[in-house]
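As provided, upload-v9.pdb (PDB, C-alpha atoms and all ligand atoms) reads as follows.
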```pdb
ATOM      1  CA  VAL A   1     -21.421 250.989 171.339
ATOM      2  CA  ASN A   2     -23.399 251.503 168.173
ATOM      3  CA  ASN A   3     -26.504 249.304 168.305
ATOM      4  CA  GLN A   4     -26.688 249.354 164.509
ATOM      5  CA  ASN A   5     -23.766 246.921 164.456
ATOM      6  CA  PHE A   6     -25.988 244.318 166.092
ATOM      7  CA  TYR A   7     -29.463 244.909 164.782
ATOM      8  CA  HIS A   8     -31.470 247.043 162.386
ATOM      9  CA  THR A   9     -32.519 249.994 164.535
ATOM     10  CA  TYR A  10     -35.691 252.020 164.080
ATOM     11  CA  SER A  11     -33.903 255.367 164.281
ATOM     12  CA  GLU A  12     -31.524 254.382 161.486
ATOM     13  CA  TYR A  13     -34.489 253.161 159.400
ATOM     14  CA  LEU A  14     -36.309 256.483 159.804
ATOM     15  CA  VAL A  15     -33.234 258.542 158.909
ATOM     16  CA  LYS A  16     -32.702 256.420 155.777
ATOM     17  CA  LYS A  17     -36.341 256.698 154.790
ATOM     18  CA  TYR A  18     -36.891 260.400 155.472
ATOM     19  CA  GLY A  19     -33.381 261.849 155.372
ATOM     20  CA  GLU A  20     -33.549 263.195 158.931
ATOM     21  CA  LYS A  21     -34.649 262.325 162.449
ATOM     22  CA  ILE A  22     -38.383 261.792 162.776
ATOM     23  CA  TYR A  23     -40.434 261.879 165.969
ATOM     24  CA  LYS A  24     -43.734 260.289 166.863
ATOM     25  CA  LEU A  25     -46.623 262.427 168.084
ATOM     26  CA  PRO A  26     -49.064 260.186 169.986
ATOM     27  CA  ILE A  27     -52.791 260.727 169.537
ATOM     28  CA  ASN A  28     -55.355 259.333 171.935
ATOM     29  CA  LEU A  29     -58.856 258.911 170.466
ATOM     30  CA  PRO A  30     -62.064 258.521 172.522
ATOM     31  CA  ILE A  31     -62.434 254.873 171.529
ATOM     32  CA  THR A  32     -62.145 251.433 173.043
ATOM     33  CA  CYS A  33     -61.338 247.943 171.894
ATOM     34  CA  PRO A  34     -63.767 245.155 170.890
ATOM     35  CA  ASN A  35     -61.952 242.798 173.198
ATOM     36  CA  ARG A  36     -62.719 245.043 176.155
ATOM     37  CA  LEU A  37     -66.356 245.396 175.139
ATOM     38  CA  GLU A  38     -67.008 241.709 174.649
ATOM     39  CA  SER A  39     -64.948 240.452 177.559
ATOM     40  CA  SER A  40     -62.471 241.725 180.110
ATOM     41  CA  GLY A  41     -59.841 242.253 177.395
ATOM     42  CA  CYS A  42     -56.347 240.812 177.194
ATOM     43  CA  THR A  43     -55.297 239.619 180.629
ATOM     44  CA  PHE A  44     -52.436 242.170 180.679
ATOM     45  CA  CYS A  45     -54.520 245.142 179.489
ATOM     46  CA  SER A  46     -54.760 247.993 181.983
ATOM     47  CA  ASP A  47     -57.605 250.525 182.245
ATOM     48  CA  CYS A  48     -55.754 253.025 180.118
ATOM     49  CA  GLY A  49     -55.031 250.534 177.340
ATOM     50  CA  THR A  50     -51.503 251.123 176.150
ATOM     51  CA  GLY A  51     -51.246 254.909 176.192
ATOM     52  CA  PHE A  52     -49.519 255.643 179.466
ATOM     53  CA  GLU A  53     -48.258 259.027 178.295
ATOM     54  CA  ALA A  54     -51.128 259.951 176.006
ATOM     55  CA  LEU A  55     -53.074 263.190 176.156
ATOM     56  CA  GLU A  56     -56.768 263.273 177.076
ATOM     57  CA  SER A  57     -58.893 261.803 174.337
ATOM     58  CA  PHE A  58     -61.494 264.599 174.355
ATOM     59  CA  LYS A  59     -58.997 266.898 172.626
ATOM     60  CA  SER A  60     -59.147 267.024 168.831
ATOM     61  CA  VAL A  61     -56.498 265.322 166.703
ATOM     62  CA  THR A  62     -55.179 268.746 165.680
ATOM     63  CA  ALA A  63     -55.024 269.981 169.280
ATOM     64  CA  GLN A  64     -53.135 266.864 170.399
ATOM     65  CA  LEU A  65     -50.706 267.118 167.482
ATOM     66  CA  GLU A  66     -50.184 270.805 168.235
ATOM     67  CA  GLU A  67     -49.476 270.198 171.912
ATOM     68  CA  ASN A  68     -47.163 267.233 171.394
ATOM     69  CA  LYS A  69     -45.379 268.911 168.506
ATOM     70  CA  ALA A  70     -44.689 272.062 170.557
ATOM     71  CA  TYR A  71     -43.132 269.939 173.308
ATOM     72  CA  ILE A  72     -41.099 267.619 171.086
ATOM     73  CA  SER A  73     -39.888 270.327 168.663
ATOM     74  CA  LYS A  74     -38.561 272.304 171.601
ATOM     75  CA  LYS A  75     -36.916 269.318 173.268
ATOM     76  CA  TYR A  76     -35.315 267.740 170.171
ATOM     77  CA  LYS A  77     -35.414 270.516 167.556
ATOM     78  CA  ALA A  78     -37.564 268.144 165.512
ATOM     79  CA  LYS A  79     -39.035 269.202 162.173
ATOM     80  CA  LYS A  80     -40.901 266.203 160.794
ATOM     81  CA  PHE A  81     -43.285 263.862 162.566
ATOM     82  CA  ILE A  82     -45.343 260.710 162.557
ATOM     83  CA  ALA A  83     -48.968 261.037 163.653
ATOM     84  CA  TYR A  84     -49.236 258.011 165.900
ATOM     85  CA  PHE A  85     -52.713 256.693 166.718
ATOM     86  CA  GLN A  86     -51.501 254.639 169.624
ATOM     87  CA  ASN A  87     -54.071 253.806 172.239
ATOM     88  CA  TYR A  88     -56.684 251.011 172.066
ATOM     89  CA  THR A  89     -57.922 249.883 168.620
ATOM     90  CA  ASN A  90     -57.752 252.767 166.179
ATOM     91  CA  THR A  91     -59.798 251.141 163.426
ATOM     92  CA  PHE A  92     -62.629 250.016 165.727
ATOM     93  CA  MET A  93     -65.061 252.772 164.744
ATOM     94  CA  PRO A  94     -67.448 253.493 161.873
ATOM     95  CA  LEU A  95     -65.645 253.919 158.572
ATOM     96  CA  GLU A  96     -66.712 257.577 158.204
ATOM     97  CA  ASP A  97     -65.302 258.510 161.637
ATOM     98  CA  PHE A  98     -62.078 256.712 160.818
ATOM     99  CA  LYS A  99     -61.796 258.635 157.567
ATOM    100  CA  LEU A 100     -62.284 262.003 159.303
ATOM    101  CA  TYR A 101     -59.626 261.270 161.931
ATOM    102  CA  MET A 102     -57.140 260.151 159.296
ATOM    103  CA  LEU A 103     -57.834 263.189 157.089
ATOM    104  CA  GLU A 104     -57.307 265.516 160.052
ATOM    105  CA  ALA A 105     -53.914 263.963 160.769
ATOM    106  CA  ALA A 106     -52.915 263.927 157.088
ATOM    107  CA  ALA A 107     -53.723 267.621 156.684
ATOM    108  CA  TYR A 108     -51.612 268.669 159.682
ATOM    109  CA  PRO A 109     -48.306 270.311 158.676
ATOM    110  CA  ASP A 110     -44.984 268.437 158.890
ATOM    111  CA  ILE A 111     -46.572 264.989 159.214
ATOM    112  CA  VAL A 112     -44.697 262.560 156.947
ATOM    113  CA  GLU A 113     -46.377 259.375 158.102
ATOM    114  CA  ILE A 114     -49.528 258.157 159.799
ATOM    115  CA  SER A 115     -49.097 255.164 162.055
ATOM    116  CA  ILE A 116     -52.230 253.323 163.182
ATOM    117  CA  SER A 117     -52.224 250.824 165.990
ATOM    118  CA  THR A 118     -54.936 248.179 165.795
ATOM    119  CA  ARG A 119     -55.893 244.529 166.236
ATOM    120  CA  PRO A 120     -55.694 241.843 163.545
ATOM    121  CA  ASP A 121     -59.481 241.348 163.724
ATOM    122  CA  CYS A 122     -60.209 245.062 163.196
ATOM    123  CA  ILE A 123     -58.818 245.802 159.777
ATOM    124  CA  ASN A 124     -60.374 245.036 156.416
ATOM    125  CA  LEU A 125     -60.243 246.130 152.788
ATOM    126  CA  GLU A 126     -62.578 249.117 153.299
ATOM    127  CA  TYR A 127     -60.422 250.662 156.014
ATOM    128  CA  LEU A 128     -57.301 249.957 154.021
ATOM    129  CA  GLN A 129     -58.882 251.621 150.996
ATOM    130  CA  VAL A 130     -59.447 254.814 153.021
ATOM    131  CA  LEU A 131     -55.772 254.846 153.908
ATOM    132  CA  LYS A 132     -54.769 254.209 150.314
ATOM    133  CA  SER A 133     -56.690 257.251 149.096
ATOM    134  CA  ILE A 134     -55.106 259.364 151.863
ATOM    135  CA  ARG A 135     -51.659 258.168 150.865
ATOM    136  CA  GLU A 136     -52.362 259.096 147.248
ATOM    137  CA  LYS A 137     -53.911 262.494 147.972
ATOM    138  CA  TYR A 138     -51.593 263.697 150.737
ATOM    139  CA  GLN A 139     -48.419 261.717 149.942
ATOM    140  CA  LYS A 140     -48.173 260.355 153.491
ATOM    141  CA  GLU A 141     -46.601 257.044 154.335
ATOM    142  CA  ILE A 142     -48.870 254.616 156.193
ATOM    143  CA  THR A 143     -47.821 252.143 158.874
ATOM    144  CA  ILE A 144     -50.215 249.646 160.455
ATOM    145  CA  GLU A 145     -49.213 248.366 163.902
ATOM    146  CA  LEU A 146     -50.680 244.976 164.702
ATOM    147  CA  GLY A 147     -50.633 243.385 168.116
ATOM    148  CA  LEU A 148     -49.881 239.683 167.996
ATOM    149  CA  GLN A 149     -47.709 238.941 171.090
ATOM    150  CA  THR A 150     -47.016 235.290 170.267
ATOM    151  CA  VAL A 151     -47.706 232.742 167.523
ATOM    152  CA  ASN A 152     -48.617 230.169 170.169
ATOM    153  CA  TYR A 153     -52.389 230.085 169.661
ATOM    154  CA  HIS A 154     -52.897 228.259 172.950
ATOM    155  CA  THR A 155     -51.262 231.188 174.711
ATOM    156  CA  LEU A 156     -53.357 233.639 172.665
ATOM    157  CA  GLU A 157     -56.397 231.935 174.134
ATOM    158  CA  LYS A 158     -54.996 231.891 177.666
ATOM    159  CA  ILE A 159     -54.212 235.621 177.604
ATOM    160  CA  ASN A 160     -57.678 236.241 176.146
ATOM    161  CA  ARG A 161     -56.449 238.035 173.034
ATOM    162  CA  GLY A 162     -59.779 237.468 171.327
ATOM    163  CA  HIS A 163     -58.146 236.684 167.964
ATOM    164  CA  ASP A 164     -56.151 233.779 166.644
ATOM    165  CA  LEU A 165     -53.066 233.303 164.524
ATOM    166  CA  ALA A 166     -55.024 232.873 161.279
ATOM    167  CA  GLN A 167     -56.640 236.292 161.727
ATOM    168  CA  PHE A 168     -53.225 237.832 162.241
ATOM    169  CA  ILE A 169     -51.842 236.253 159.057
ATOM    170  CA  ASP A 170     -54.919 237.358 157.097
ATOM    171  CA  SER A 171     -54.560 240.970 158.305
ATOM    172  CA  VAL A 172     -50.849 241.022 157.418
ATOM    173  CA  LEU A 173     -51.449 239.737 153.886
ATOM    174  CA  LYS A 174     -54.324 242.169 153.272
ATOM    175  CA  THR A 175     -52.375 245.147 154.614
ATOM    176  CA  HIS A 176     -49.324 244.172 152.602
ATOM    177  CA  SER A 177     -51.401 244.002 149.410
ATOM    178  CA  PHE A 178     -51.839 247.801 149.761
ATOM    179  CA  GLY A 179     -48.102 248.303 150.154
ATOM    180  CA  PHE A 180     -48.337 249.691 153.695
ATOM    181  CA  THR A 181     -45.596 249.193 156.230
ATOM    182  CA  ILE A 182     -46.462 246.625 158.904
ATOM    183  CA  CYS A 183     -45.175 246.717 162.466
ATOM    184  CA  THR A 184     -45.927 243.800 164.782
ATOM    185  CA  HIS A 185     -45.836 243.728 168.567
ATOM    186  CA  VAL A 186     -44.599 240.653 170.406
ATOM    187  CA  ILE A 187     -44.005 239.757 174.056
ATOM    188  CA  LEU A 188     -41.178 237.265 174.489
ATOM    189  CA  ASN A 189     -41.867 236.190 178.063
ATOM    190  CA  LEU A 190     -45.562 235.458 178.307
ATOM    191  CA  PRO A 191     -46.088 233.062 181.228
ATOM    192  CA  TYR A 192     -47.262 230.160 179.059
ATOM    193  CA  ASP A 193     -44.565 230.421 176.398
ATOM    194  CA  ASP A 194     -41.152 228.770 176.357
ATOM    195  CA  ASP A 195     -37.975 229.374 174.332
ATOM    196  CA  LEU A 196     -39.355 227.435 171.387
ATOM    197  CA  ASP A 197     -42.517 229.565 171.222
ATOM    198  CA  ALA A 198     -40.434 232.731 171.141
ATOM    199  CA  LEU A 199     -38.245 231.294 168.404
ATOM    200  CA  GLU A 200     -41.200 230.140 166.316
ATOM    201  CA  THR A 201     -42.718 233.631 166.667
ATOM    202  CA  CYS A 202     -39.490 235.014 165.195
ATOM    203  CA  LYS A 203     -39.552 232.516 162.334
ATOM    204  CA  VAL A 204     -43.209 233.037 161.413
ATOM    205  CA  LEU A 205     -42.761 236.820 161.404
ATOM    206  CA  SER A 206     -39.624 236.439 159.269
ATOM    207  CA  ALA A 207     -41.671 234.452 156.736
ATOM    208  CA  LEU A 208     -44.356 237.158 156.490
ATOM    209  CA  PRO A 209     -44.170 240.576 154.761
ATOM    210  CA  ILE A 210     -43.516 242.479 157.971
ATOM    211  CA  GLN A 211     -41.069 245.380 158.095
ATOM    212  CA  ILE A 212     -40.908 246.393 161.773
ATOM    213  CA  ILE A 213     -41.082 244.525 165.074
ATOM    214  CA  LYS A 214     -41.630 245.926 168.538
ATOM    215  CA  ILE A 215     -40.404 243.453 171.130
ATOM    216  CA  HIS A 216     -41.796 243.834 174.623
ATOM    217  CA  SER A 217     -40.875 242.251 177.879
ATOM    218  CA  LEU A 218     -44.000 241.394 179.855
ATOM    219  CA  TYR A 219     -45.335 244.301 181.856
ATOM    220  CA  ILE A 220     -47.935 243.435 184.487
ATOM    221  CA  ALA A 221     -49.901 246.540 185.372
ATOM    222  CA  LYS A 222     -51.763 246.821 188.654
ATOM    223  CA  ASN A 223     -55.430 245.764 188.680
ATOM    224  CA  THR A 224     -55.219 243.535 185.637
ATOM    225  CA  TRP A 225     -56.242 239.888 185.398
ATOM    226  CA  LEU A 226     -52.628 238.969 185.024
ATOM    227  CA  SER A 227     -51.667 240.916 188.157
ATOM    228  CA  LYS A 228     -54.167 238.832 190.157
ATOM    229  CA  GLU A 229     -52.711 235.606 188.800
ATOM    230  CA  TYR A 230     -49.203 236.894 189.500
ATOM    231  CA  GLU A 231     -50.091 237.812 193.084
ATOM    232  CA  ARG A 232     -51.802 234.455 193.612
ATOM    233  CA  GLY A 233     -48.647 232.779 192.308
ATOM    234  CA  THR A 234     -50.483 230.823 189.609
ATOM    235  CA  ILE A 235     -48.201 232.033 186.821
ATOM    236  CA  SER A 236     -44.466 232.210 186.604
ATOM    237  CA  ILE A 237     -42.343 234.460 184.464
ATOM    238  CA  CYS A 238     -38.942 233.465 183.125
ATOM    239  CA  THR A 239     -35.874 234.995 184.724
ATOM    240  CA  LYS A 240     -34.047 238.013 183.363
ATOM    241  CA  ASP A 241     -31.232 235.793 182.052
ATOM    242  CA  GLU A 242     -33.694 233.476 180.358
ATOM    243  CA  TYR A 243     -35.343 236.479 178.721
ATOM    244  CA  LEU A 244     -32.020 237.842 177.505
ATOM    245  CA  HIS A 245     -31.141 234.475 175.965
ATOM    246  CA  ARG A 246     -34.557 234.323 174.292
ATOM    247  CA  LEU A 247     -34.057 237.827 172.985
ATOM    248  CA  VAL A 248     -30.572 237.140 171.627
ATOM    249  CA  ASN A 249     -31.883 233.997 169.945
ATOM    250  CA  PHE A 250     -34.834 235.901 168.510
ATOM    251  CA  VAL A 251     -32.597 238.564 166.995
ATOM    252  CA  GLU A 252     -30.141 235.991 165.641
ATOM    253  CA  PHE A 253     -32.878 234.131 163.764
ATOM    254  CA  LEU A 254     -34.793 237.216 162.622
ATOM    255  CA  ARG A 255     -34.825 238.169 158.930
ATOM    256  CA  PRO A 256     -31.990 240.708 158.623
ATOM    257  CA  ASP A 257     -33.999 243.501 156.978
ATOM    258  CA  ILE A 258     -36.699 243.629 159.680
ATOM    259  CA  VAL A 259     -36.399 246.797 161.747
ATOM    260  CA  ILE A 260     -36.435 246.361 165.529
ATOM    261  CA  GLU A 261     -38.170 249.296 167.186
ATOM    262  CA  ARG A 262     -37.622 248.161 170.742
ATOM    263  CA  LEU A 263     -36.274 245.255 172.773
ATOM    264  CA  PHE A 264     -37.914 245.765 176.174
ATOM    265  CA  SER A 265     -41.006 247.426 177.559
ATOM    266  CA  ARG A 266     -40.534 250.998 178.669
ATOM    267  CA  VAL A 267     -43.458 251.807 180.904
ATOM    268  CA  PRO A 268     -43.697 253.496 184.302
ATOM    269  CA  GLU A 269     -42.724 251.088 187.067
ATOM    270  CA  GLU A 270     -45.025 252.685 189.649
ATOM    271  CA  ASP A 271     -48.099 251.328 187.842
ATOM    272  CA  ALA A 272     -46.755 247.774 187.748
ATOM    273  CA  VAL A 273     -46.636 244.679 189.912
ATOM    274  CA  PHE A 274     -43.964 243.305 187.590
ATOM    275  CA  SER A 275     -41.783 245.193 185.145
ATOM    276  CA  ASN A 276     -38.381 244.230 183.705
ATOM    277  CA  TRP A 277     -37.324 242.341 186.862
ATOM    278  CA  GLY A 278     -36.978 245.725 188.603
ATOM    279  CA  ILE A 279     -34.142 246.755 186.265
ATOM    280  CA  SER A 280     -34.194 249.769 183.959
ATOM    281  CA  TRP A 281     -34.604 248.976 180.263
ATOM    282  CA  TRP A 282     -31.371 250.682 179.298
ATOM    283  CA  LYS A 283     -29.391 248.477 181.675
ATOM    284  CA  LEU A 284     -31.064 245.426 180.126
ATOM    285  CA  GLN A 285     -30.200 246.818 176.701
ATOM    286  CA  ASP A 286     -26.555 247.148 177.753
ATOM    287  CA  GLU A 287     -26.570 243.509 178.855
ATOM    288  CA  PHE A 288     -28.108 242.461 175.563
ATOM    289  CA  ILE A 289     -25.454 244.354 173.562
ATOM    290  CA  GLN A 290     -22.722 242.805 175.718
ATOM    291  CA  MET A 291     -24.090 239.327 174.989
ATOM    292  CA  MET A 292     -24.204 240.012 171.257
ATOM    293  CA  THR A 293     -20.634 241.345 171.427
ATOM    294  CA  ASP A 294     -19.366 238.297 173.327
ATOM    295  CA  ARG A 295     -20.977 235.963 170.785
ATOM    296  CA  HIS A 296     -19.677 237.996 167.799
ATOM    297  CA  SER A 297     -23.302 237.987 166.771
ATOM    298  CA  TYR A 298     -25.729 240.132 164.788
ATOM    299  CA  GLN A 299     -29.333 240.125 163.557
ATOM    300  CA  GLY A 300     -30.068 237.295 161.143
ATOM    301  CA  ILE A 301     -26.832 235.357 161.702
ATOM    302  CA  TYR A 302     -28.946 232.164 161.675
ATOM    303  CA  PHE A 303     -31.521 233.261 159.111
ATOM    304  CA  ASN A 304     -31.121 230.214 156.893
ATOM    305  CA  TYR A 305     -34.286 228.215 157.537
ATOM    306  CA  LEU A 306     -36.697 229.505 154.861
ATOM    307  CA  ASN A 307     -36.825 229.156 151.079
ATOM    308  CA  GLY A 308     -36.533 225.376 150.871
ATOM    309  CA  SER A 309     -33.568 225.223 153.217
ATOM    310  CA  ALA A 310     -33.304 221.410 153.087
ATOM    311  CA  LEU A 311     -32.454 221.632 149.395
ATOM    312  CA  ASN A 312     -29.076 223.004 150.430
ATOM    313  CA  LYS A 313     -28.331 219.605 151.910
ATOM    314  CA  LEU A 314     -28.523 217.865 148.529
ATOM    315  CA  PRO A 315     -25.091 216.919 147.224
ATOM    316  CA  PHE A 316     -23.845 219.102 144.341
ATOM    317  CA  ASN A 317     -26.565 221.718 144.816
TER     318      ASN A 317
HETATM  319  S1  LIG B 401     -56.135 244.511 172.203
HETATM  320 FE1  LIG B 401     -55.047 246.136 173.309
HETATM  321  S2  LIG B 401     -56.635 247.550 174.077
HETATM  322 FE2  LIG B 401     -57.659 245.606 173.459
HETATM  323  S3  LIG B 401     -57.818 244.399 175.338
HETATM  324 FE3  LIG B 401     -55.917 243.783 174.305
HETATM  325  S4  LIG B 401     -54.277 245.109 175.148
HETATM  326 FE4  LIG B 401     -56.282 246.008 175.693
END
```

Write out the structure in this file as structure tokens.
Ligand code: SF4
Amino acid sequence: VNNQNFYHTYSEYLVKKYGEKIYKLPINLPITCPNRLESSGCTFCSDCGTGFEALESFKSVTAQLEENKAYISKKYKAKKFIAYFQNYTNTFMPLEDFKLYMLEAAAYPDIVEISISTRPDCINLEYLQVLKSIREKYQKEITIELGLQTVNYHTLEKINRGHDLAQFIDSVLKTHSFGFTICTHVILNLPYDDDLDALETCKVLSALPIQIIKIHSLYIAKNTWLSKEYERGTISICTKDEYLHRLVNFVEFLRPDIVIERLFSRVPEEDAVFSNWGISWWKLQDEFIQMMTDRHSYQGIYFNYLNGSALNKLPFN
């Protein structure tokens, strides 16, 4: 089955944009996250942040790119790459340090894009200006990855995100004003969210100038706040079937041009107390595709709720 028949895939997007397959080279900087400094961080955040496969952060950007490139080029015969600043909050550092890291990545051969993962409360016009000058000087595309997880601001508080929905919207609008690509991360089965929260997340993101979405299923790593709550039985997580229905609904209502980079978390099960209901992500993906097939469905089939949609109900309009 070709997934492109059902949703706008990331691999297809990259091939269209760059004319060939592109691979991400993760970079792990010796940094942290303001949310971990000020408090215990997001309740699902593990000690290693989000970079389960990242290289040691003491290595230089060039050394990490070199090492990852050697491995990936050999494995996939890859020629062009994205420098992916993945772990923690990659704009939470003095502006000068940020500039040096970005310049090092931009100057590395065969990098077509720099992708920077950060938090909505850690990006402002000065940092965006640095990236703009790098784009102009080195002709590199820039993508900003913003964690949001849900538009339910009560849930954002409960999971201790340390930012609210307004800050997310502000960061999206500012980043978009520079013409950078925006990727947003969401989790569709946070314990405090229901089907309606997931759907509203889809609708708000469809109304904003966002180009890519990474959908995650909740992953509860060992030794996190959430793992303690899970073990105590004070939170409950929706079933696999409920998640799949939420996911199908999300994709059906999503703006058709938004690229979907992933549909489920893909992290090592051995570090988790809960991960994908004990089922591999590719099996879940097969189930999702089967559901879309059975419903004769595709991304954006119900994308009809924006742009003054009630006006369509007027007679003779
Ligand atoms: S924003 Fe990311 S790195 Fe920071 S506490 Fe939350 S999950 Fe951890």

Within 9 Å of ligand LIG 401 (chain B) (only C-alpha atoms and all ligand atoms), residues as a list of chain:residue names: A:Thr32, A:Cys33, A:Pro34, A:Asn35, A:Arg36, A:Leu37, A:Ser39, A:Ser40, A:Gly41, A:Cys42, A:Thr43, A:Phe44, A:Cys45, A:Ser46, A:Asp47, A:Cys48, A:Gly49, A:Thr50, A:Asn87, A:Tyr88, A:Thr89, A:Thr118, A:Arg119, A:Gly147, A:Leu148, A:Ile159, A:Asn160, A:Arg161, A:Gly162

Could you write out the selected residues, including C-alpha atoms, as a PDB file, in the frame of the given file?
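Listing of again_19.pdb after writing:
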```
ATOM      1  CA  THR A  32     -62.145 251.433 173.043  1.00  0.00           C
ATOM      2  CA  CYS A  33     -61.338 247.943 171.894  1.00  0.00           C
ATOM      3  CA  PRO A  34     -63.767 245.155 170.890  1.00  0.00           C
ATOM      4  CA  ASN A  35     -61.952 242.798 173.198  1.00  0.00           C
ATOM      5  CA  ARG A  36     -62.719 245.043 176.155  1.00  0.00           C
ATOM      6  CA  LEU A  37     -66.356 245.396 175.139  1.00  0.00           C
ATOM      7  CA  SER A  39     -64.948 240.452 177.559  1.00  0.00           C
ATOM      8  CA  SER A  40     -62.471 241.725 180.110  1.00  0.00           C
ATOM      9  CA  GLY A  41     -59.841 242.253 177.395  1.00  0.00           C
ATOM     10  CA  CYS A  42     -56.347 240.812 177.194  1.00  0.00           C
ATOM     11  CA  THR A  43     -55.297 239.619 180.629  1.00  0.00           C
ATOM     12  CA  PHE A  44     -52.436 242.170 180.679  1.00  0.00           C
ATOM     13  CA  CYS A  45     -54.520 245.142 179.489  1.00  0.00           C
ATOM     14  CA  SER A  46     -54.760 247.993 181.983  1.00  0.00           C
ATOM     15  CA  ASP A  47     -57.605 250.525 182.245  1.00  0.00           C
ATOM     16  CA  CYS A  48     -55.754 253.025 180.118  1.00  0.00           C
ATOM     17  CA  GLY A  49     -55.031 250.534 177.340  1.00  0.00           C
ATOM     18  CA  THR A  50     -51.503 251.123 176.150  1.00  0.00           C
ATOM     19  CA  ASN A  87     -54.071 253.806 172.239  1.00  0.00           C
ATOM     20  CA  TYR A  88     -56.684 251.011 172.066  1.00  0.00           C
ATOM     21  CA  THR A  89     -57.922 249.883 168.620  1.00  0.00           C
ATOM     22  CA  THR A 118     -54.936 248.179 165.795  1.00  0.00           C
ATOM     23  CA  ARG A 119     -55.893 244.529 166.236  1.00  0.00           C
ATOM     24  CA  GLY A 147     -50.633 243.385 168.116  1.00  0.00           C
ATOM     25  CA  LEU A 148     -49.881 239.683 167.996  1.00  0.00           C
ATOM     26  CA  ILE A 159     -54.212 235.621 177.604  1.00  0.00           C
ATOM     27  CA  ASN A 160     -57.678 236.241 176.146  1.00  0.00           C
ATOM     28  CA  ARG A 161     -56.449 238.035 173.034  1.00  0.00           C
ATOM     29  CA  GLY A 162     -59.779 237.468 171.327  1.00  0.00           C
TER      30      GLY A 162
END
```

Spatial sel., origin (-42.9, 227.5, 167.5), limit 12 Å, only C-alpha atoms, listed as an NGL selection string: :A and (150-155 or 193-205 or 250)

Residues from last step as file, C-alpha atoms, as a compact mmCIF listing (two decimals), in the frame of the given file:
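What landed in selection23.txt:
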```
# COMPACT_ATOMS: atom_id res chain seq x y z
CA THR A 150 -47.02 235.29 170.27
CA VAL A 151 -47.71 232.74 167.52
CA ASN A 152 -48.62 230.17 170.17
CA TYR A 153 -52.39 230.08 169.66
CA HIS A 154 -52.90 228.26 172.95
CA THR A 155 -51.26 231.19 174.71
CA ASP A 193 -44.56 230.42 176.40
CA ASP A 194 -41.15 228.77 176.36
CA ASP A 195 -37.98 229.37 174.33
CA LEU A 196 -39.35 227.44 171.39
CA ASP A 197 -42.52 229.56 171.22
CA ALA A 198 -40.43 232.73 171.14
CA LEU A 199 -38.24 231.29 168.40
CA GLU A 200 -41.20 230.14 166.32
CA THR A 201 -42.72 233.63 166.67
CA CYS A 202 -39.49 235.01 165.20
CA LYS A 203 -39.55 232.52 162.33
CA VAL A 204 -43.21 233.04 161.41
CA LEU A 205 -42.76 236.82 161.40
CA PHE A 250 -34.83 235.90 168.51
```

Matched chain/residue IDs from the PyMOL selection byres (((chain A and resi 216) around 10) and not hetatm), as a PyMOL selection string: chain A and resi 149+185-190+213-215+217-219+247+261-266+276

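Between CA of Asn28 (chain A) and CA of Trp281 (chain A) there is a distance of 24.6 Å.
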
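Here CA of Lys69 (chain A) and CA of Phe180 (chain A) stand 24.4 Å from one another.
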
For region 298-310 of chain A, find every residue with an atom within 12 Å (counting all atoms listed in the file), except residues of its own chain fewer than 5 positions away, and show them as a short mmCIF file (atom, residue, chain, number, x, y, z; two decimals) with C-alpha atoms, in the frame of the given file.
```
data_model
loop_
_atom_site.label_atom_id
_atom_site.label_comp_id
_atom_site.auth_asym_id
_atom_site.auth_seq_id
_atom_site.Cartn_x
_atom_site.Cartn_y
_atom_site.Cartn_z
CA ASN A 3 -26.50 249.30 168.30
CA GLN A 4 -26.69 249.35 164.51
CA ASN A 5 -23.77 246.92 164.46
CA PHE A 6 -25.99 244.32 166.09
CA TYR A 7 -29.46 244.91 164.78
CA HIS A 8 -31.47 247.04 162.39
CA THR A 9 -32.52 249.99 164.54
CA LEU A 199 -38.24 231.29 168.40
CA GLU A 200 -41.20 230.14 166.32
CA CYS A 202 -39.49 235.01 165.20
CA LYS A 203 -39.55 232.52 162.33
CA VAL A 204 -43.21 233.04 161.41
CA LEU A 205 -42.76 236.82 161.40
CA SER A 206 -39.62 236.44 159.27
CA ALA A 207 -41.67 234.45 156.74
CA LEU A 208 -44.36 237.16 156.49
CA LEU A 247 -34.06 237.83 172.98
CA VAL A 248 -30.57 237.14 171.63
CA ASN A 249 -31.88 234.00 169.94
CA PHE A 250 -34.83 235.90 168.51
CA VAL A 251 -32.60 238.56 167.00
CA GLU A 252 -30.14 235.99 165.64
CA PHE A 253 -32.88 234.13 163.76
CA LEU A 254 -34.79 237.22 162.62
CA ARG A 255 -34.83 238.17 158.93
CA PRO A 256 -31.99 240.71 158.62
CA ASP A 257 -34.00 243.50 156.98
CA ILE A 258 -36.70 243.63 159.68
CA VAL A 259 -36.40 246.80 161.75
CA ILE A 260 -36.44 246.36 165.53
CA PHE A 288 -28.11 242.46 175.56
CA ILE A 289 -25.45 244.35 173.56
CA GLN A 290 -22.72 242.80 175.72
CA MET A 291 -24.09 239.33 174.99
CA MET A 292 -24.20 240.01 171.26
CA THR A 293 -20.63 241.34 171.43
CA PRO A 315 -25.09 216.92 147.22
CA ASN A 317 -26.56 221.72 144.82
#
```

Separation of CA of Lys283 (chain A) from CA of Arg246 (chain A), in Å and rounded to one decimal: 16.8 Å

Which centre and edge lengths in Å to one decimal define the box along x, y and z that fits every listed atom of region 127-135 of chain A plus 4 Å per side, as AutoDock Vina command-line options?
```
--center_x -56.0 --center_y 254.7 --center_z 152.6 --size_x 16.8 --size_y 17.4 --size_z 14.9
```

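Compared by their closest atoms to Leu29 (chain A), and using all atoms listed in the file, the residues A:Leu128, A:Leu173, A:Ala63, A:Ile144 rank with A:Ala63 nearest.
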